[in-house]
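Colleague: Here you go, my_file_4.cif (mmCIF, C-alpha atoms):
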data_final
loop_
_atom_site.label_atom_id
_atom_site.label_comp_id
_atom_site.auth_asym_id
_atom_site.auth_seq_id
_atom_site.Cartn_x
_atom_site.Cartn_y
_atom_site.Cartn_z
CA MET I 1 -49.61 -49.72 15.36
CA LEU I 2 -50.30 -48.48 18.88
CA PHE I 3 -47.87 -46.01 20.34
CA LYS I 4 -47.87 -44.78 23.91
CA ARG I 5 -48.44 -41.09 24.46
CA ILE I 6 -47.37 -38.10 22.48
CA SER I 7 -46.59 -34.79 24.10
CA ALA I 8 -46.97 -31.53 22.24
CA LEU I 9 -46.29 -28.08 23.61
CA LEU I 10 -48.21 -26.67 20.72
CA VAL I 11 -49.69 -28.70 17.89
CA SER I 12 -49.54 -26.83 14.61
CA MET I 13 -51.68 -27.70 11.61
CA SER I 14 -48.74 -29.44 9.99
CA LEU I 15 -47.93 -31.43 13.11
CA ILE I 16 -51.49 -32.62 13.71
CA THR I 17 -51.02 -35.12 10.88
CA LEU I 18 -48.03 -36.47 12.75
CA LEU I 19 -49.85 -36.77 16.05
CA PHE I 20 -52.95 -38.41 14.68
CA ALA I 21 -50.91 -40.81 12.59
CA GLY I 22 -49.10 -42.13 15.63
CA CYS I 23 -51.59 -42.29 18.50
CA GLY I 24 -53.82 -45.25 19.20
CA GLY I 25 -57.16 -43.47 19.14
CA SER I 26 -60.48 -45.29 19.24
CA LYS I 27 -62.01 -45.76 15.81
CA GLN I 28 -65.58 -44.95 14.86
CA GLN I 29 -66.50 -46.86 11.73
CA THR I 30 -68.23 -44.07 9.88
CA ALA I 31 -68.17 -43.14 6.23
CA PRO I 32 -65.58 -40.56 5.21
CA GLY I 33 -66.78 -36.98 5.01
CA SER I 34 -67.03 -34.83 1.92
CA SER I 35 -63.36 -33.94 2.26
CA GLN I 36 -62.41 -37.48 1.23
CA PRO I 37 -60.28 -37.15 -1.95
CA ALA I 38 -61.86 -39.06 -4.80
CA SER I 39 -58.47 -39.99 -6.23
CA ALA I 40 -57.02 -41.34 -2.99
CA ALA I 41 -55.70 -44.87 -3.58
CA ASP I 42 -54.89 -47.61 -1.09
CA SER I 43 -51.23 -47.21 -2.03
CA ASN I 44 -51.37 -43.78 -0.38
CA MET I 45 -52.45 -45.29 2.94
CA VAL I 46 -50.85 -46.75 6.04
CA GLY I 47 -53.63 -48.65 7.71
CA ASN I 48 -56.47 -46.16 8.13
CA MET I 49 -54.22 -43.12 7.54
CA TYR I 50 -53.52 -41.29 4.31
CA LYS I 51 -49.82 -40.56 3.88
CA THR I 52 -50.52 -37.15 2.34
CA GLY I 53 -53.38 -34.72 1.93
CA LEU I 54 -56.67 -34.43 3.75
CA PRO I 55 -58.51 -36.03 5.40
CA ILE I 56 -55.84 -37.59 7.58
CA VAL I 57 -57.80 -40.83 8.08
CA LYS I 58 -60.40 -42.70 6.07
CA ASP I 59 -62.60 -43.80 8.99
CA LYS I 60 -63.11 -41.24 11.72
CA VAL I 61 -60.98 -41.64 14.85
CA THR I 62 -61.22 -40.08 18.29
CA PHE I 63 -58.35 -38.94 20.49
CA LYS I 64 -58.31 -37.67 24.04
CA ALA I 65 -56.44 -34.43 24.61
CA VAL I 66 -55.65 -32.42 27.75
CA MET I 67 -55.36 -28.65 27.61
CA VAL I 68 -54.89 -26.05 30.35
CA VAL I 69 -57.53 -23.33 30.05
CA MET I 70 -57.82 -19.86 31.49
CA PRO I 71 -60.97 -18.60 33.26
CA TYR I 72 -61.97 -16.73 30.10
CA THR I 73 -61.42 -19.69 27.75
CA GLY I 74 -64.59 -20.85 26.03
CA LYS I 75 -65.65 -24.43 25.49
CA LEU I 76 -63.14 -25.99 23.12
CA ASP I 77 -65.75 -28.15 21.38
CA ASP I 78 -67.61 -24.99 20.37
CA MET I 79 -64.63 -23.23 18.80
CA PRO I 80 -64.92 -22.87 15.00
CA PHE I 81 -61.21 -23.69 14.61
CA PHE I 82 -61.56 -27.18 16.07
CA LYS I 83 -64.88 -27.81 14.30
CA LYS I 84 -63.30 -26.95 10.97
CA LEU I 85 -60.26 -29.03 11.81
CA GLU I 86 -62.43 -32.07 12.45
CA GLU I 87 -64.22 -31.58 9.13
CA LYS I 88 -60.93 -31.41 7.26
CA THR I 89 -59.09 -34.22 9.05
CA ASN I 90 -61.87 -36.69 9.96
CA VAL I 91 -60.39 -36.70 13.48
CA HIS I 92 -62.47 -35.97 16.57
CA ILE I 93 -60.88 -34.60 19.74
CA GLU I 94 -62.37 -35.42 23.13
CA TRP I 95 -61.16 -32.51 25.28
CA ASN I 96 -60.27 -32.58 28.95
CA SER I 97 -60.00 -28.90 29.88
CA ILE I 98 -58.01 -28.33 33.08
CA PRO I 99 -58.40 -24.97 34.87
CA VAL I 100 -55.06 -23.21 35.16
CA ALA I 101 -55.48 -22.80 38.94
CA ASN I 102 -54.94 -26.51 39.64
CA SER I 103 -53.30 -27.61 36.40
CA VAL I 104 -49.94 -28.57 37.91
CA GLU I 105 -51.54 -30.83 40.50
CA LYS I 106 -53.76 -32.57 37.94
CA LYS I 107 -50.94 -32.96 35.44
CA ASN I 108 -48.65 -34.51 38.05
CA LEU I 109 -51.41 -36.91 39.08
CA MET I 110 -51.88 -38.01 35.46
CA LEU I 111 -48.17 -38.58 34.94
CA ALA I 112 -47.73 -40.44 38.22
CA SER I 113 -50.81 -42.65 37.80
CA GLY I 114 -50.34 -43.45 34.11
CA ASP I 115 -53.90 -42.31 33.36
CA LEU I 116 -52.81 -40.33 30.31
CA PRO I 117 -54.44 -38.69 27.31
CA ASP I 118 -53.32 -39.28 23.75
CA ILE I 119 -52.18 -35.66 23.46
CA PHE I 120 -50.96 -32.95 25.80
CA PHE I 121 -51.91 -29.78 23.91
CA GLY I 122 -50.79 -26.20 24.47
CA THR I 123 -47.91 -24.30 25.96
CA GLN I 124 -48.93 -24.48 29.62
CA ILE I 125 -49.25 -28.19 30.26
CA LEU I 126 -45.78 -29.82 30.13
CA THR I 127 -42.33 -28.63 31.10
CA ALA I 128 -38.88 -29.70 29.96
CA ASP I 129 -38.42 -31.26 33.41
CA ASP I 130 -41.56 -33.37 32.89
CA ILE I 131 -40.18 -34.73 29.64
CA SER I 132 -36.73 -35.41 31.09
CA LYS I 133 -38.28 -37.26 34.02
CA TYR I 134 -40.88 -39.36 32.22
CA ALA I 135 -39.47 -39.92 28.73
CA PRO I 136 -37.01 -42.59 29.97
CA GLN I 137 -40.02 -44.43 31.41
CA GLY I 138 -41.57 -44.67 27.94
CA ILE I 139 -44.46 -42.36 28.73
CA PHE I 140 -43.58 -40.01 25.88
CA LEU I 141 -42.84 -41.10 22.35
CA PRO I 142 -39.88 -39.65 20.40
CA LEU I 143 -41.25 -37.74 17.42
CA ASP I 144 -38.07 -37.61 15.30
CA LYS I 145 -38.96 -40.40 12.85
CA LEU I 146 -42.59 -39.31 12.63
CA ILE I 147 -41.53 -35.75 11.82
CA ASP I 148 -39.26 -37.02 9.05
CA ASP I 149 -42.01 -39.19 7.56
CA TYR I 150 -45.23 -37.25 8.10
CA ALA I 151 -44.56 -33.61 9.04
CA PRO I 152 -42.88 -31.92 6.06
CA LYS I 153 -43.57 -28.39 7.31
CA VAL I 154 -42.09 -29.07 10.72
CA LYS I 155 -39.12 -30.78 9.10
CA ALA I 156 -38.62 -27.79 6.80
CA ALA I 157 -38.77 -25.42 9.77
CA PHE I 158 -36.09 -27.45 11.53
CA GLU I 159 -33.88 -27.38 8.44
CA LYS I 160 -34.35 -23.63 8.06
CA SER I 161 -33.66 -22.97 11.74
CA PRO I 162 -31.43 -25.52 13.48
CA ALA I 163 -31.74 -23.39 16.61
CA PHE I 164 -35.50 -24.07 16.65
CA LYS I 165 -34.88 -27.81 16.37
CA LYS I 166 -32.32 -27.64 19.16
CA THR I 167 -34.83 -25.81 21.36
CA CYS I 168 -37.37 -28.60 20.86
CA ALA I 169 -34.88 -31.39 21.60
CA ASN I 170 -34.67 -32.97 25.04
CA VAL I 171 -31.41 -31.96 26.73
CA ASP I 172 -30.82 -35.47 28.09
CA ASP I 173 -30.93 -37.62 24.95
CA GLY I 174 -31.29 -35.12 22.10
CA LYS I 175 -34.61 -36.61 20.96
CA ILE I 176 -37.73 -34.58 20.25
CA TYR I 177 -40.76 -35.35 22.40
CA ALA I 178 -42.57 -32.05 22.00
CA VAL I 179 -42.67 -29.34 19.36
CA GLY I 180 -42.89 -25.72 20.42
CA ARG I 181 -43.98 -22.58 18.67
CA ALA I 182 -41.67 -20.60 16.42
CA ALA I 183 -42.26 -17.12 15.03
CA GLU I 184 -39.98 -14.94 12.96
CA ARG I 185 -40.65 -11.42 14.16
CA GLU I 186 -38.77 -8.69 15.92
CA THR I 187 -41.13 -8.40 18.86
CA GLN I 188 -43.00 -10.93 20.91
CA TYR I 189 -46.68 -11.16 20.26
CA GLY I 190 -49.49 -11.24 22.77
CA GLN I 191 -52.71 -13.23 22.86
CA ASP I 192 -54.74 -10.36 24.34
CA ASN I 193 -57.20 -8.37 22.27
CA MET I 194 -58.42 -4.92 23.20
CA PHE I 195 -62.11 -4.05 23.29
CA ILE I 196 -63.83 -0.72 23.72
CA TYR I 197 -67.25 -0.06 25.27
CA LYS I 198 -69.27 1.38 22.39
CA PRO I 199 -72.21 2.67 24.48
CA TRP I 200 -69.77 5.11 26.10
CA LEU I 201 -68.49 6.17 22.69
CA ASP I 202 -72.05 6.76 21.52
CA LYS I 203 -72.95 8.66 24.70
CA LEU I 204 -70.05 11.08 24.13
CA GLY I 205 -70.39 11.24 20.34
CA LEU I 206 -67.00 9.64 19.76
CA LYS I 207 -65.71 7.21 17.14
CA VAL I 208 -63.68 4.05 17.63
CA PRO I 209 -60.05 5.28 17.91
CA GLU I 210 -57.72 4.45 15.05
CA THR I 211 -54.50 6.11 16.21
CA ILE I 212 -52.62 6.49 19.48
CA ASP I 213 -53.74 10.11 19.69
CA ASP I 214 -57.35 9.08 19.12
CA PHE I 215 -57.04 6.45 21.81
CA TYR I 216 -55.62 8.96 24.31
CA ALA I 217 -58.42 11.43 23.58
CA VAL I 218 -61.11 8.77 24.04
CA MET I 219 -59.63 7.53 27.32
CA LYS I 220 -59.41 11.11 28.59
CA ALA I 221 -63.05 11.70 27.64
CA PHE I 222 -64.13 8.47 29.36
CA LYS I 223 -62.39 9.63 32.52
CA GLU I 224 -63.65 13.19 32.60
CA LYS I 225 -67.02 13.39 30.82
CA ASP I 226 -69.19 10.97 32.81
CA PRO I 227 -70.17 8.47 30.08
CA ASN I 228 -71.99 6.26 32.61
CA GLY I 229 -74.26 9.18 33.47
CA ASN I 230 -74.08 9.01 37.26
CA GLY I 231 -73.02 12.63 37.61
CA LYS I 232 -69.53 11.77 38.83
CA PRO I 233 -66.20 11.55 36.97
CA ASP I 234 -65.56 8.10 38.47
CA GLU I 235 -64.99 6.04 35.33
CA VAL I 236 -61.81 4.02 34.97
CA PRO I 237 -61.09 4.49 31.26
CA PHE I 238 -58.57 1.68 30.76
#
Let me see the structure of the file written as structure tokens.

Modeller:
Amino acid sequence: MLFKRISALLVSMSLITLLFAGCGGSKQQTAPGSSQPASAADSNMVGNMYKTGLPIVKDKVTFKAVMVVMPYTGKLDDMPFFKKLEEKTNVHIEWNSIPVANSVEKKNLMLASGDLPDIFFGTQILTADDISKYAPQGIFLPLDKLIDDYAPKVKAAFEKSPAFKKTCANVDDGKIYAVGRAAERETQYGQDNMFIYKPWLDKLGLKVPETIDDFYAVMKAFKEKDPNGNGKPDEVPF
């Protein structure tokens, strides 16, 4: 069964089954990988897709996905996460990485021209306005039935938090065309990691800081004790 296009603000591991089950990706008739369950029976299949478990499909399939990337984002094909995901699911992703600087222009061109990927992936690609505008045209596929049938973890999250489900629903028709990210924590998280320049630590005989006080002392030393060795206290510590 060939569907049109599926939008996803963020595809979680549990939702990937849903996405790959519905899209019309191009098949590659290759033998299943080692992750193929020996006990899997045809009764557990819908076409080429297993209803439960991994891999998701018997014969490898390929889908095209668009993702907005930052200047520091590495090549998606080289990321261990996606390599491991392909091994487990038997699904290959052909990535179209759009630089953030011109992402809006390229996205609008795709939507207007109808030259669409199978998946819009990530939090920076689609907006609620995009979905409201293009869903009535049939560009995006409602996910409600697919979530009920093939995404038990997403369904459970919706049942646990009706507010989360309401957030994902389109305000115009109440249907779900994209699934966002939910996290139960008191503070918002950040994607940034901190790094410290170890040659400067070594030059000043310091250790990697483990507390706020340690961090303050190291930054103060970087600023005042000339770790770059040019004879001037001109370092910017942070």

Colleague: Of the candidates I:Ile139, I:Ile131, I:Met45, I:Ala101, which shows the shortest atom-to-atom distance to Asp118 of chain I, using all atoms listed in the file?

Modeller: I:Ile139

Colleague: Would you mind reading off the distance between atom CA of Ala178 of chain I and atom CA of Leu143 of chain I, one decimal, in Å?

Modeller: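 Distance reported for this atom pair: 7.4 Å.
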
Colleague: Kindly indicate which residue among I:Leu116, I:Ile196, I:Val57, I:Ala128 lies nearest to Cys168 of chain I, using only C-alpha atoms for the distances.

Modeller: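 Of I:Leu116, I:Ile196, I:Val57, I:Ala128, the one nearest Cys168 of chain I is I:Ala128, counting only C-alpha atoms.
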
Colleague: Name the residues in contact with Asn170 of chain I at a cut-off of 10 Å, using all atoms listed in the file, excluding same-chain residues fewer than 4 positions from it; report them as a compact mmCIF listing (two decimals) with C-alpha atoms, in the coordinates of the input.

Modeller:
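As a result, result30.txt now contains:
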# COMPACT_ATOMS: atom_id res chain seq x y z
CA ALA I 128 -38.88 -29.70 29.96
CA ASP I 129 -38.42 -31.26 33.41
CA ILE I 131 -40.18 -34.73 29.64
CA SER I 132 -36.73 -35.41 31.09
CA ALA I 135 -39.47 -39.92 28.73
CA PRO I 142 -39.88 -39.65 20.40
CA LYS I 166 -32.32 -27.64 19.16
CA GLY I 174 -31.29 -35.12 22.10
CA LYS I 175 -34.61 -36.61 20.96
CA ILE I 176 -37.73 -34.58 20.25
CA TYR I 177 -40.76 -35.35 22.40
CA ALA I 178 -42.57 -32.05 22.00

Colleague: May I have the protein, DNA and RNA residues with an atom at most 12 Å from (-61.5, 6.4, 18.8), counting all atoms listed in the file in the file's coordinates, returned as JSON, numbers by chain?

Modeller: {"I": [195, 196, 197, 198, 200, 201, 202, 204, 205, 206, 207, 208, 209, 210, 211, 212, 213, 214, 215, 216, 217, 218, 219, 220, 221, 222]}

Colleague: Atom CA of Trp95 of chain I to atom CA of Val61 of chain I: how many Å, to one decimal?

Modeller: 13.9 Å

Colleague: Would you fill the gaps in segment 157-182 of chain I so it has N, CA, C and O atoms, then print it as a PDB file, in the coordinates of the input?

Modeller:
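Once everything was written out, this is part_14.pdb:
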ATOM      1  N   ALA I 157     -39.076 -26.457   8.779  1.00  0.00           N
ATOM      2  CA  ALA I 157     -38.770 -25.420   9.770  1.00  0.00           C
ATOM      3  C   ALA I 157     -37.497 -25.750  10.531  1.00  0.00           C
ATOM      4  O   ALA I 157     -36.687 -24.871  10.817  1.00  0.00           O
ATOM      5  N   PHE I 158     -37.316 -27.027  10.850  1.00  0.00           N
ATOM      6  CA  PHE I 158     -36.090 -27.450  11.530  1.00  0.00           C
ATOM      7  C   PHE I 158     -34.868 -27.235  10.642  1.00  0.00           C
ATOM      8  O   PHE I 158     -33.805 -26.820  11.113  1.00  0.00           O
ATOM      9  N   GLU I 159     -35.005 -27.543   9.355  1.00  0.00           N
ATOM     10  CA  GLU I 159     -33.880 -27.380   8.440  1.00  0.00           C
ATOM     11  C   GLU I 159     -33.544 -25.906   8.246  1.00  0.00           C
ATOM     12  O   GLU I 159     -32.370 -25.537   8.133  1.00  0.00           O
ATOM     13  N   LYS I 160     -34.574 -25.065   8.228  1.00  0.00           N
ATOM     14  CA  LYS I 160     -34.350 -23.630   8.060  1.00  0.00           C
ATOM     15  C   LYS I 160     -33.739 -23.019   9.316  1.00  0.00           C
ATOM     16  O   LYS I 160     -32.909 -22.107   9.231  1.00  0.00           O
ATOM     17  N   SER I 161     -34.143 -23.529  10.474  1.00  0.00           N
ATOM     18  CA  SER I 161     -33.660 -22.970  11.740  1.00  0.00           C
ATOM     19  C   SER I 161     -33.199 -24.082  12.661  1.00  0.00           C
ATOM     20  O   SER I 161     -33.980 -24.591  13.471  1.00  0.00           O
ATOM     21  N   PRO I 162     -31.944 -24.486  12.569  1.00  0.00           N
ATOM     22  CA  PRO I 162     -31.430 -25.520  13.480  1.00  0.00           C
ATOM     23  C   PRO I 162     -31.572 -25.140  14.942  1.00  0.00           C
ATOM     24  O   PRO I 162     -31.719 -26.011  15.794  1.00  0.00           O
ATOM     25  N   ALA I 163     -31.575 -23.836  15.223  1.00  0.00           N
ATOM     26  CA  ALA I 163     -31.740 -23.390  16.610  1.00  0.00           C
ATOM     27  C   ALA I 163     -33.132 -23.753  17.127  1.00  0.00           C
ATOM     28  O   ALA I 163     -33.295 -24.104  18.301  1.00  0.00           O
ATOM     29  N   PHE I 164     -34.143 -23.681  16.267  1.00  0.00           N
ATOM     30  CA  PHE I 164     -35.500 -24.070  16.650  1.00  0.00           C
ATOM     31  C   PHE I 164     -35.547 -25.561  16.972  1.00  0.00           C
ATOM     32  O   PHE I 164     -36.131 -25.985  17.974  1.00  0.00           O
ATOM     33  N   LYS I 165     -34.918 -26.371  16.119  1.00  0.00           N
ATOM     34  CA  LYS I 165     -34.880 -27.810  16.370  1.00  0.00           C
ATOM     35  C   LYS I 165     -34.171 -28.116  17.676  1.00  0.00           C
ATOM     36  O   LYS I 165     -34.629 -28.955  18.469  1.00  0.00           O
ATOM     37  N   LYS I 166     -33.071 -27.421  17.927  1.00  0.00           N
ATOM     38  CA  LYS I 166     -32.320 -27.640  19.160  1.00  0.00           C
ATOM     39  C   LYS I 166     -33.156 -27.273  20.384  1.00  0.00           C
ATOM     40  O   LYS I 166     -33.094 -27.945  21.416  1.00  0.00           O
ATOM     41  N   THR I 167     -33.958 -26.217  20.261  1.00  0.00           N
ATOM     42  CA  THR I 167     -34.830 -25.810  21.360  1.00  0.00           C
ATOM     43  C   THR I 167     -35.861 -26.879  21.687  1.00  0.00           C
ATOM     44  O   THR I 167     -36.225 -27.085  22.844  1.00  0.00           O
ATOM     45  N   CYS I 168     -36.344 -27.571  20.660  1.00  0.00           N
ATOM     46  CA  CYS I 168     -37.370 -28.600  20.860  1.00  0.00           C
ATOM     47  C   CYS I 168     -36.789 -29.918  21.385  1.00  0.00           C
ATOM     48  O   CYS I 168     -37.530 -30.751  21.906  1.00  0.00           O
ATOM     49  N   ALA I 169     -35.498 -30.120  21.227  1.00  0.00           N
ATOM     50  CA  ALA I 169     -34.880 -31.390  21.600  1.00  0.00           C
ATOM     51  C   ALA I 169     -34.707 -31.498  23.117  1.00  0.00           C
ATOM     52  O   ALA I 169     -34.422 -30.513  23.796  1.00  0.00           O
ATOM     53  N   ASN I 170     -34.881 -32.693  23.624  1.00  0.00           N
ATOM     54  CA  ASN I 170     -34.670 -32.970  25.040  1.00  0.00           C
ATOM     55  C   ASN I 170     -33.173 -32.874  25.355  1.00  0.00           C
ATOM     56  O   ASN I 170     -32.337 -33.437  24.634  1.00  0.00           O
ATOM     57  N   VAL I 171     -32.826 -32.183  26.424  1.00  0.00           N
ATOM     58  CA  VAL I 171     -31.410 -31.960  26.730  1.00  0.00           C
ATOM     59  C   VAL I 171     -30.702 -33.246  27.139  1.00  0.00           C
ATOM     60  O   VAL I 171     -29.481 -33.345  27.031  1.00  0.00           O
ATOM     61  N   ASP I 172     -31.439 -34.249  27.594  1.00  0.00           N
ATOM     62  CA  ASP I 172     -30.820 -35.470  28.090  1.00  0.00           C
ATOM     63  C   ASP I 172     -30.387 -36.424  26.979  1.00  0.00           C
ATOM     64  O   ASP I 172     -29.279 -36.969  27.017  1.00  0.00           O
ATOM     65  N   ASP I 173     -31.255 -36.643  25.994  1.00  0.00           N
ATOM     66  CA  ASP I 173     -30.930 -37.620  24.950  1.00  0.00           C
ATOM     67  C   ASP I 173     -30.960 -37.047  23.548  1.00  0.00           C
ATOM     68  O   ASP I 173     -30.707 -37.765  22.575  1.00  0.00           O
ATOM     69  N   GLY I 174     -31.289 -35.754  23.403  1.00  0.00           N
ATOM     70  CA  GLY I 174     -31.290 -35.120  22.100  1.00  0.00           C
ATOM     71  C   GLY I 174     -32.488 -35.453  21.230  1.00  0.00           C
ATOM     72  O   GLY I 174     -32.585 -34.980  20.090  1.00  0.00           O
ATOM     73  N   LYS I 175     -33.426 -36.251  21.740  1.00  0.00           N
ATOM     74  CA  LYS I 175     -34.610 -36.610  20.960  1.00  0.00           C
ATOM     75  C   LYS I 175     -35.709 -35.564  21.145  1.00  0.00           C
ATOM     76  O   LYS I 175     -35.723 -34.828  22.127  1.00  0.00           O
ATOM     77  N   ILE I 176     -36.635 -35.549  20.210  1.00  0.00           N
ATOM     78  CA  ILE I 176     -37.730 -34.580  20.250  1.00  0.00           C
ATOM     79  C   ILE I 176     -38.997 -35.273  20.726  1.00  0.00           C
ATOM     80  O   ILE I 176     -39.479 -36.216  20.093  1.00  0.00           O
ATOM     81  N   TYR I 177     -39.519 -34.818  21.846  1.00  0.00           N
ATOM     82  CA  TYR I 177     -40.760 -35.350  22.400  1.00  0.00           C
ATOM     83  C   TYR I 177     -41.896 -34.345  22.323  1.00  0.00           C
ATOM     84  O   TYR I 177     -43.058 -34.700  22.521  1.00  0.00           O
ATOM     85  N   ALA I 178     -41.561 -33.102  22.072  1.00  0.00           N
ATOM     86  CA  ALA I 178     -42.570 -32.050  22.000  1.00  0.00           C
ATOM     87  C   ALA I 178     -42.089 -30.973  21.044  1.00  0.00           C
ATOM     88  O   ALA I 178     -40.894 -30.706  20.940  1.00  0.00           O
ATOM     89  N   VAL I 179     -43.018 -30.385  20.321  1.00  0.00           N
ATOM     90  CA  VAL I 179     -42.670 -29.340  19.360  1.00  0.00           C
ATOM     91  C   VAL I 179     -43.271 -28.030  19.836  1.00  0.00           C
ATOM     92  O   VAL I 179     -44.474 -27.941  20.119  1.00  0.00           O
ATOM     93  N   GLY I 180     -42.438 -27.021  19.935  1.00  0.00           N
ATOM     94  CA  GLY I 180     -42.890 -25.720  20.420  1.00  0.00           C
ATOM     95  C   GLY I 180     -43.354 -24.829  19.294  1.00  0.00           C
ATOM     96  O   GLY I 180     -43.544 -25.257  18.160  1.00  0.00           O
ATOM     97  N   ARG I 181     -43.493 -23.566  19.626  1.00  0.00           N
ATOM     98  CA  ARG I 181     -43.980 -22.580  18.670  1.00  0.00           C
ATOM     99  C   ARG I 181     -42.820 -21.705  18.233  1.00  0.00           C
ATOM    100  O   ARG I 181     -42.024 -21.254  19.054  1.00  0.00           O
ATOM    101  N   ALA I 182     -42.731 -21.454  16.947  1.00  0.00           N
ATOM    102  CA  ALA I 182     -41.670 -20.600  16.420  1.00  0.00           C
ATOM    103  C   ALA I 182     -42.301 -19.475  15.619  1.00  0.00           C
ATOM    104  O   ALA I 182     -43.267 -19.685  14.890  1.00  0.00           O
TER     105      ALA I 182
END
